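Content type compact mmCIF, C-alpha atoms, from the file entry.txt:
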```txt
# COMPACT_ATOMS: atom_id res chain seq x y z
CA MET N 1 -20.23 -1.94 8.98
CA GLU N 2 -17.22 -0.94 6.87
CA SER N 3 -13.77 -1.96 8.05
CA PHE N 4 -11.57 1.14 7.83
CA CYS N 5 -7.79 0.84 7.64
CA ASP N 6 -4.82 3.14 8.14
CA LEU N 7 -1.75 1.34 6.80
CA ASN N 8 0.83 4.06 7.43
CA ILE N 9 1.43 5.12 11.02
CA SER N 10 5.00 5.71 12.09
CA PHE N 11 6.31 2.91 14.32
CA PRO N 12 5.92 4.24 17.89
CA LYS N 13 8.03 3.29 20.88
CA SER N 14 6.96 0.13 22.67
CA GLU N 15 5.54 2.02 25.66
CA LYS N 16 3.32 4.18 23.39
CA GLN N 17 1.99 1.47 21.07
CA ASP N 18 -1.06 0.64 23.21
CA ALA N 19 -2.09 4.31 23.31
CA VAL N 20 -1.89 4.62 19.52
CA VAL N 21 -3.90 1.43 19.00
CA TYR N 22 -6.54 2.60 21.50
CA LEU N 23 -6.82 5.99 19.77
CA CYS N 24 -7.22 4.42 16.32
CA GLY N 25 -9.91 2.11 17.67
CA LYS N 26 -11.83 5.08 19.07
CA LEU N 27 -11.58 6.88 15.71
CA GLY N 28 -13.17 3.91 13.94
CA TYR N 29 -10.24 2.01 12.44
CA ARG N 30 -10.22 -1.79 12.57
CA THR N 31 -6.82 -2.40 10.96
CA ILE N 32 -3.67 -0.30 11.24
CA ALA N 33 -0.06 -0.78 10.24
CA PHE N 34 3.00 0.55 12.04
CA ASN N 35 5.45 1.74 9.40
CA HIS N 36 9.24 1.43 9.63
CA VAL N 37 10.98 3.66 7.04
CA ILE N 38 14.36 2.55 5.67
CA ASP N 39 16.65 4.71 3.54
CA VAL N 40 18.22 2.04 1.34
CA SER N 41 21.19 4.26 0.45
CA LYS N 42 22.27 4.08 4.12
CA ALA N 43 21.13 0.58 5.06
CA PHE N 44 22.24 -1.28 1.92
CA THR N 45 25.92 -2.24 2.22
CA LYS N 46 27.86 -5.04 0.54
CA ASN N 47 24.73 -6.11 -1.39
CA GLN N 48 22.89 -6.74 1.89
CA LEU N 49 20.10 -4.84 3.58
CA LYS N 50 20.83 -4.42 7.28
CA PHE N 51 18.59 -2.71 9.83
CA GLU N 52 17.05 -3.33 13.22
CA ILE N 53 13.49 -4.62 13.25
CA PRO N 54 11.37 -2.73 15.81
CA GLU N 55 9.44 -4.72 18.40
CA LEU N 56 5.67 -4.94 18.35
CA LYS N 57 4.25 -5.09 21.88
CA ILE N 58 0.47 -4.78 22.00
CA SER N 59 -1.61 -5.51 25.09
CA GLU N 60 -3.86 -8.56 24.85
CA ASN N 61 -6.84 -6.42 25.92
CA LEU N 62 -6.76 -4.41 22.68
CA THR N 63 -8.39 -6.96 20.41
CA ASN N 64 -10.73 -4.67 18.48
CA VAL N 65 -7.91 -3.32 16.27
CA ARG N 66 -5.67 -5.50 14.13
CA VAL N 67 -2.05 -4.30 14.08
CA LEU N 68 0.30 -5.10 11.18
CA ARG N 69 3.96 -4.41 10.48
CA ARG N 70 4.99 -2.40 7.46
CA VAL N 71 8.35 -1.43 6.01
CA THR N 72 8.90 1.34 3.46
CA LEU N 73 12.07 1.34 1.35
CA ILE N 74 13.24 4.74 0.06
CA CYS N 75 15.14 4.08 -3.17
CA SER N 76 17.03 6.50 -5.38
CA ASP N 77 19.34 4.21 -7.39
CA SER N 78 18.77 1.14 -9.56
CA ASN N 79 21.23 -0.85 -7.42
CA HIS N 80 18.74 -0.55 -4.57
CA LEU N 81 16.42 -3.00 -6.36
CA ARG N 82 18.52 -5.81 -4.90
CA ALA N 83 17.19 -4.86 -1.49
CA LEU N 84 13.82 -6.38 -2.48
CA ASN N 85 15.43 -9.82 -2.21
CA SER N 86 16.38 -9.33 1.43
CA PRO N 87 14.97 -12.00 3.81
CA LEU N 88 14.37 -9.26 6.39
CA LEU N 89 11.38 -8.05 4.38
CA ARG N 90 9.61 -11.37 5.02
CA LYS N 91 9.31 -10.40 8.67
CA PHE N 92 6.88 -7.60 7.76
CA ASP N 93 3.23 -7.91 6.78
CA ILE N 94 3.36 -5.10 4.20
CA VAL N 95 6.22 -3.91 1.98
CA ALA N 96 6.12 -0.47 0.35
CA VAL N 97 8.57 1.35 -1.90
CA CYS N 98 9.16 5.08 -2.26
CA PRO N 99 10.92 6.01 -5.54
CA LYS N 100 12.78 9.31 -5.55
CA THR N 101 13.23 9.61 -9.32
CA GLU N 102 11.19 8.83 -12.42
CA ASP N 103 13.72 6.18 -13.42
CA MET N 104 13.19 4.37 -10.10
CA LEU N 105 9.42 4.62 -10.56
CA ASN N 106 9.73 3.00 -14.00
CA GLN N 107 11.85 0.25 -12.48
CA PHE N 108 9.25 -0.48 -9.81
CA VAL N 109 6.40 -0.37 -12.33
CA ALA N 110 8.22 -3.00 -14.39
CA ARG N 111 8.49 -5.12 -11.22
CA SER N 112 4.98 -4.47 -9.91
CA ASN N 113 4.39 -8.22 -9.56
CA SER N 114 7.24 -8.39 -7.03
CA ILE N 115 7.12 -8.56 -3.24
CA PHE N 116 5.90 -5.00 -2.58
CA GLN N 117 2.22 -4.02 -2.41
CA ILE N 118 2.36 -0.20 -2.19
CA ILE N 119 4.07 2.61 -4.09
CA CYS N 120 4.16 5.75 -1.97
CA LEU N 121 5.20 9.20 -3.16
CA ASP N 122 6.47 12.13 -1.11
CA LEU N 123 3.64 14.66 -1.47
CA SER N 124 5.08 17.14 1.02
CA ARG N 125 7.10 18.67 -1.83
CA PRO N 126 6.48 19.05 -5.58
CA LEU N 127 6.98 15.86 -7.56
CA LEU N 128 10.11 15.91 -9.72
CA PHE N 129 8.25 14.15 -12.54
CA ARG N 130 4.75 13.97 -13.95
CA LEU N 131 2.79 10.80 -13.41
CA LYS N 132 1.30 9.13 -16.49
CA HIS N 133 -1.34 6.47 -16.94
CA SER N 134 1.42 4.16 -18.20
CA HIS N 135 2.96 4.39 -14.72
CA ILE N 136 -0.22 3.43 -12.89
CA GLN N 137 -1.90 0.89 -15.16
CA PRO N 138 0.62 -1.98 -14.63
CA CYS N 139 0.35 -1.42 -10.88
CA GLN N 140 -3.43 -1.69 -11.05
CA LEU N 141 -3.21 -4.94 -12.99
CA ASN N 142 -0.91 -6.42 -10.30
CA ASN N 143 -2.97 -5.05 -7.39
CA VAL N 144 -0.26 -2.59 -6.30
CA MET N 145 -1.73 0.55 -4.72
CA VAL N 146 -0.55 4.13 -5.04
CA GLU N 147 -0.60 5.78 -1.62
CA ILE N 148 -1.74 9.29 -0.71
CA CYS N 149 -0.81 10.57 2.78
CA TYR N 150 -2.70 13.54 4.17
CA VAL N 151 -0.71 14.43 7.28
CA SER N 152 1.48 17.05 5.55
CA ALA N 153 -1.59 19.13 4.73
CA ILE N 154 -2.55 19.22 8.42
CA LYS N 155 0.90 19.93 9.82
CA ASP N 156 1.96 22.65 7.38
CA SER N 157 -0.52 24.77 5.44
CA ALA N 158 2.28 25.95 3.12
CA THR N 159 2.49 22.50 1.53
CA CYS N 160 -1.24 22.31 0.75
CA ARG N 161 -0.72 23.73 -2.75
CA ASP N 162 1.88 21.06 -3.56
CA ILE N 163 -0.34 18.29 -2.17
CA VAL N 164 -3.38 19.44 -4.14
CA SER N 165 -1.33 19.64 -7.35
CA SER N 166 0.19 16.18 -6.78
CA CYS N 167 -3.18 14.62 -5.88
CA ARG N 168 -4.78 15.99 -9.05
CA ASN N 169 -1.93 14.49 -11.05
CA ILE N 170 -2.40 11.12 -9.30
CA SER N 171 -6.17 11.32 -9.80
CA TRP N 172 -5.75 11.94 -13.54
CA ALA N 173 -3.08 9.25 -14.04
CA SER N 174 -4.90 6.57 -12.03
CA ARG N 175 -8.44 7.39 -13.22
CA ASN N 176 -9.24 7.42 -9.47
CA LYS N 177 -8.63 3.67 -9.21
CA GLY N 178 -6.10 1.72 -7.15
CA LEU N 179 -5.56 4.47 -4.57
CA LEU N 180 -4.68 3.93 -0.92
CA ILE N 181 -5.42 6.68 1.62
CA SER N 182 -3.25 6.77 4.76
CA SER N 183 -2.23 9.26 7.41
CA GLY N 184 1.56 8.88 7.23
CA SER N 185 1.63 10.40 10.69
CA GLU N 186 4.59 10.39 13.08
CA ASP N 187 2.44 11.94 15.82
CA PRO N 188 -0.88 10.17 16.65
CA LEU N 189 -2.48 13.58 17.34
CA PHE N 190 -2.55 14.21 13.57
CA ILE N 191 -4.55 11.03 12.82
CA ARG N 192 -8.11 11.83 11.76
CA GLY N 193 -11.27 9.74 11.63
CA PRO N 194 -12.19 7.96 8.37
CA TYR N 195 -15.03 10.30 7.37
CA ASP N 196 -12.95 13.39 8.12
CA VAL N 197 -10.22 11.92 5.92
CA MET N 198 -12.67 11.32 3.05
CA ASN N 199 -13.87 14.92 3.23
CA LEU N 200 -10.30 16.23 3.39
CA VAL N 201 -9.08 14.17 0.44
CA SER N 202 -12.09 15.21 -1.64
CA VAL N 203 -10.80 18.80 -1.32
CA PHE N 204 -7.55 17.56 -2.92
CA GLY N 205 -9.48 16.42 -6.00
CA ILE N 206 -10.08 12.75 -5.11
CA PRO N 207 -13.78 11.74 -5.41
CA PHE N 208 -15.51 10.71 -2.19
CA LYS N 209 -16.15 7.14 -3.36
CA SER N 210 -12.53 6.68 -4.41
CA ALA N 211 -11.38 7.97 -1.02
CA GLN N 212 -13.77 5.57 0.69
CA ALA N 213 -12.38 2.67 -1.35
CA GLY N 214 -8.86 3.81 -0.44
CA LEU N 215 -9.68 3.38 3.25
CA THR N 216 -11.59 0.08 2.93
CA VAL N 217 -11.56 -2.22 -0.10
CA ASN N 218 -8.18 -1.19 -1.54
CA ALA N 219 -6.48 -1.37 1.85
CA GLN N 220 -7.89 -4.84 2.44
CA SER N 221 -6.72 -5.88 -1.03
CA VAL N 222 -3.17 -4.97 0.05
CA ILE N 223 -3.53 -7.27 3.06
CA ALA N 224 -5.04 -10.02 0.89
CA LYS N 225 -2.14 -9.82 -1.58
CA ASP N 226 0.39 -10.15 1.23
CA HIS N 227 -1.40 -13.21 2.62
CA SER N 228 -1.65 -14.77 -0.84
CA GLN N 229 2.11 -14.39 -1.35
CA ILE N 230 2.75 -16.11 1.98
CA ALA N 231 0.02 -18.77 1.79
CA THR N 232 0.60 -19.82 -1.85
CA PHE N 233 3.19 -22.35 -2.94
CA ASN N 234 3.29 -24.38 -6.19
CA GLY N 235 -0.41 -23.80 -6.85
CA LEU N 236 -1.54 -24.68 -3.32
CA VAL N 237 -3.58 -21.91 -1.73
CA GLY N 238 -4.19 -21.59 2.00
CA LYS N 239 -7.16 -20.01 3.73
CA VAL N 240 -7.03 -16.22 4.06
CA GLU N 241 -8.69 -14.80 7.16
CA GLY N 242 -9.61 -11.26 8.15
CA ILE N 243 -10.73 -10.16 4.68
CA SER N 244 -14.15 -8.61 4.10
CA GLU N 245 -16.79 -10.21 1.91
CA GLY N 246 -16.49 -7.42 -0.67
CA VAL N 247 -12.83 -8.23 -1.38
CA LEU N 248 -13.56 -11.97 -1.54
CA ARG N 249 -16.37 -11.37 -4.06
CA LYS N 250 -13.98 -9.25 -6.11
CA LEU N 251 -11.33 -11.99 -6.10
CA THR N 252 -13.97 -14.62 -6.98
CA PHE N 253 -15.18 -12.48 -9.89
CA VAL N 254 -11.62 -12.15 -11.21
CA SER N 255 -10.96 -15.90 -10.92
CA GLU N 256 -14.25 -16.73 -12.68
CA GLY N 257 -13.39 -14.27 -15.45
CA LEU N 258 -9.98 -15.88 -15.93
CA GLU N 259 -11.59 -19.33 -16.03
CA GLU N 260 -14.11 -18.26 -18.69
CA GLU N 261 -11.30 -16.67 -20.72
CA SER N 262 -9.30 -19.90 -20.48
CA LEU N 263 -12.29 -21.99 -21.66
CA GLU N 264 -12.89 -19.62 -24.58
CA TYR N 265 -9.24 -19.83 -25.60
CA THR N 266 -9.35 -23.65 -25.45
CA ALA N 267 -12.48 -23.74 -27.66
CA LYS N 268 -10.87 -21.47 -30.29
CA LYS N 269 -7.73 -23.60 -30.24
CA TYR N 270 -9.77 -26.77 -30.76
CA LYS N 271 -11.62 -25.20 -33.72
CA ARG N 272 -8.32 -24.30 -35.38
CA ARG N 273 -7.11 -27.89 -35.10
CA SER N 274 -10.34 -29.30 -36.49
```
Just dump the structure as structure tokens.
Amino acid sequence: MESFCDLNISFPKSEKQDAVVYLCGKLGYRTIAFNHVIDVSKAFTKNQLKFEIPELKISENLTNVRVLRRVTLICSDSNHLRALNSPLLRKFDIVAVCPKTEDMLNQFVARSNSIFQIICLDLSRPLLFRLKHSHIQPCQLNNVMVEICYVSAIKDSATCRDIVSSCRNISWASRNKGLLISSGSEDPLFIRGPYDVMNLVSVFGIPFKSAQAGLTVNAQSVIAKDHSQIATFNGLVGKVEGISEGVLRKLTFVSEGLEEESLEYTAKKYKRRS
């Protein structure tokens, strides 16, 4: 059975968190993330990022759904890059960034091996710049996902044209790889089941298999990257739990490929010396 994930649900109030978790479990999700959005231009003062961290209170009876914490930083100026060094971000399981300009997107692409795991774009309005493959390829190499949120298409039919246009641009620039599909919902009533989401996103121009990967393998890769950043220190790697076998096979394949490449390089170097 596939483990579906929705890694972008607006952080609800403490008394409503159990209801949201229960609803997501009924829809078929096994991992969700409550998202706390921060406008860095308002929260970043005196070279420090200051904001209140919302509480996570989930009943012990709701064990069928794993709940994570996510923070999304909205950045519009290059000075906001310093916010990525804030210790407050370590209190969250997932860190995402939302660039408002093409210059900020280029800055984040150059730092795609940093602390964040997701680049999300505001699809509720036309993008102010055109995405290129040079924007997406470095993110794919560093396992940083580009997020597509579908809730705007459900709430307001007038924005569907902008969403379809933006999704086709993302699909072309990413070659339908490294995509993350989320709801981005502030109201749990707008959250849809995984298969409904795959059908909806396919109307936007994203292939069904890519949408399926965006709800399963790619989402779990985001979680795996976060755990690897926490559990790795000076070459010592801890055990990562809660990751499906498909992601582990993918990581094993990558590590074996790097090892073979290293052995081949060593052999060529030895031949040059001899």
Point out the residue among N:Pro138, N:Pro99, N:Gly25, N:Gly178 with the least atom-to-atom distance to N:Ser221, counting all atoms listed in the file. N:Gly178
Could you list, as a ChimeraX atom specification, every residue within 10 Å of stretch 82-98 of chain N, counting only C-alpha atoms and ignoring same-chain residues fewer than 3 positions away? /N:7-8,33-40,43-45,47-53,67-76,78-79,101,104-105,108,114-122,144-147,222-223,225-227,230
Edge lengths and centre in Å, axis-aligned, stretch 170-177 of chain N plus 5 Å each side, as AutoDock Vina command-line options:
```
--center_x -5.8 --center_y 7.8 --center_z -11.6 --size_x 16.8 --size_y 18.3 --size_z 14.8
```
Counting only C-alpha atoms, what is within 6 Å of stretch 207-218 of chain N, bar same-chain residues fewer than 6 positions away, as an MDAnalysis selection string? chainID N and resid 3:5 179:181 198
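Our summary of the geometry notes that atom CA of N:Ile32 is positioned 9.9 Å from atom CA of N:Ala219.
Across the structure, atom CA of N:Arg66 and atom CA of N:Thr31 are spaced 4.6 Å apart.
A straight line drawn from atom CA of N:Val151 to atom CA of N:Asn169 is 18.4 Å long.
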Given the choices N:Ile163, N:Tyr150, N:Lys100, N:Asn143, which gets closest to N:Asn199 if the distance is worked out from all atoms listed in the file? N:Tyr150
